[in-house]
Amino acid sequence: MSSTIDAGKPGTLDARSLVGTYRRFGLNGPPYSIEGVGQVTPDGKDVLLHIRVLTSQEEIDYPFMQALRDPQAD
């Protein structure tokens with residue numbers, strides 16, 4: 001399994017670089033922590049991150065490319 005994604009830009013983005021960071025769903029959504037890196041999506045274009053929603057403690061898999069668009073949590 002590779003956690004490196006070619007985002008169509010020079011260089012690559014490594015999903016592991018987000019592990020241990022906090023983001024939120026959109027500008028006003030709940031914060032979440034990125035706990036680990038999961039599987040590559042079936043189309044090979046993304047990696048799923050294991051995240052924990054801090055307000056509910058729910059653990060879900062979330063697309064890496066979407067996490068990059070979410071703002072960092074304070």
# chains A, B, ... in the order shown; residues from 1 in each chain; ligands from 1

$ residues_around --residues "A:Ala73" --least-positions-apart "2" --cutoff "7 Å" --atoms "only C-alpha atoms" --output "mmCIF file with N, CA, C and O atoms, in the first residue's frame"
data_model
loop_
_atom_site.group_PDB
_atom_site.id
_atom_site.type_symbol
_atom_site.label_atom_id
_atom_site.label_comp_id
_atom_site.auth_asym_id
_atom_site.auth_seq_id
_atom_site.Cartn_x
_atom_site.Cartn_y
_atom_site.Cartn_z
ATOM 1 N N TYR A 22 -5.064 18.112 13.198
ATOM 2 C CA TYR A 22 -6.485 18.359 13.426
ATOM 3 C C TYR A 22 -7.021 19.261 12.323
ATOM 4 O O TYR A 22 -6.401 20.256 11.972
ATOM 5 N N ARG A 23 -8.171 18.906 11.807
ATOM 6 C CA ARG A 23 -8.851 19.689 10.778
ATOM 7 C C ARG A 23 -10.314 19.756 11.149
ATOM 8 O O ARG A 23 -10.755 19.142 12.108
ATOM 9 N N ARG A 24 -11.073 20.536 10.375
ATOM 10 C CA ARG A 24 -12.516 20.561 10.601
ATOM 11 C C ARG A 24 -13.224 20.431 9.270
ATOM 12 O O ARG A 24 -12.676 20.769 8.236
ATOM 13 N N PRO A 31 -14.529 19.596 14.458
ATOM 14 C CA PRO A 31 -13.127 19.227 14.248
ATOM 15 C C PRO A 31 -12.940 17.714 14.269
ATOM 16 O O PRO A 31 -13.735 16.975 14.854
ATOM 17 N N PRO A 71 -10.085 23.063 6.397
ATOM 18 C CA PRO A 71 -9.171 23.947 7.131
ATOM 19 C C PRO A 71 -8.607 23.258 8.374
ATOM 20 O O PRO A 71 -9.251 22.368 8.946
#

$ select_by_dssp --residues "chain A" --states "helix (DSSP H, G or I)" --output "list in words"
Ala15, Arg16, Ser17, Leu18, Phe64, Met65, Gln66, Ala67, Leu68 and Arg69 of chain A

$ residues_around --residues "stretch 33-43 of chain A" --least-positions-apart "4" --cutoff "10 Å" --atoms "only C-alpha atoms" --output "PyMOL selection string"
chain A and resi 1-5+14-24+47-54+57+59-64+67+72-73

$ atom_distance --atom1 "atom CA of A:Gly26" --atom2 "atom CA of A:Leu68"
10.8 Å

$ closest_residue --among "A:Leu13, A:Phe25, A:Asp46, A:Pro30" --to "A:Arg69" --atoms "only C-alpha atoms"
A:Phe25

$ select_by_dssp --residues "chain A" --states "strand (DSSP E or B)" --output "number ranges by chain"
A: 4-5, 13-14, 22-24, 31-40, 47-53, 59-63, 72
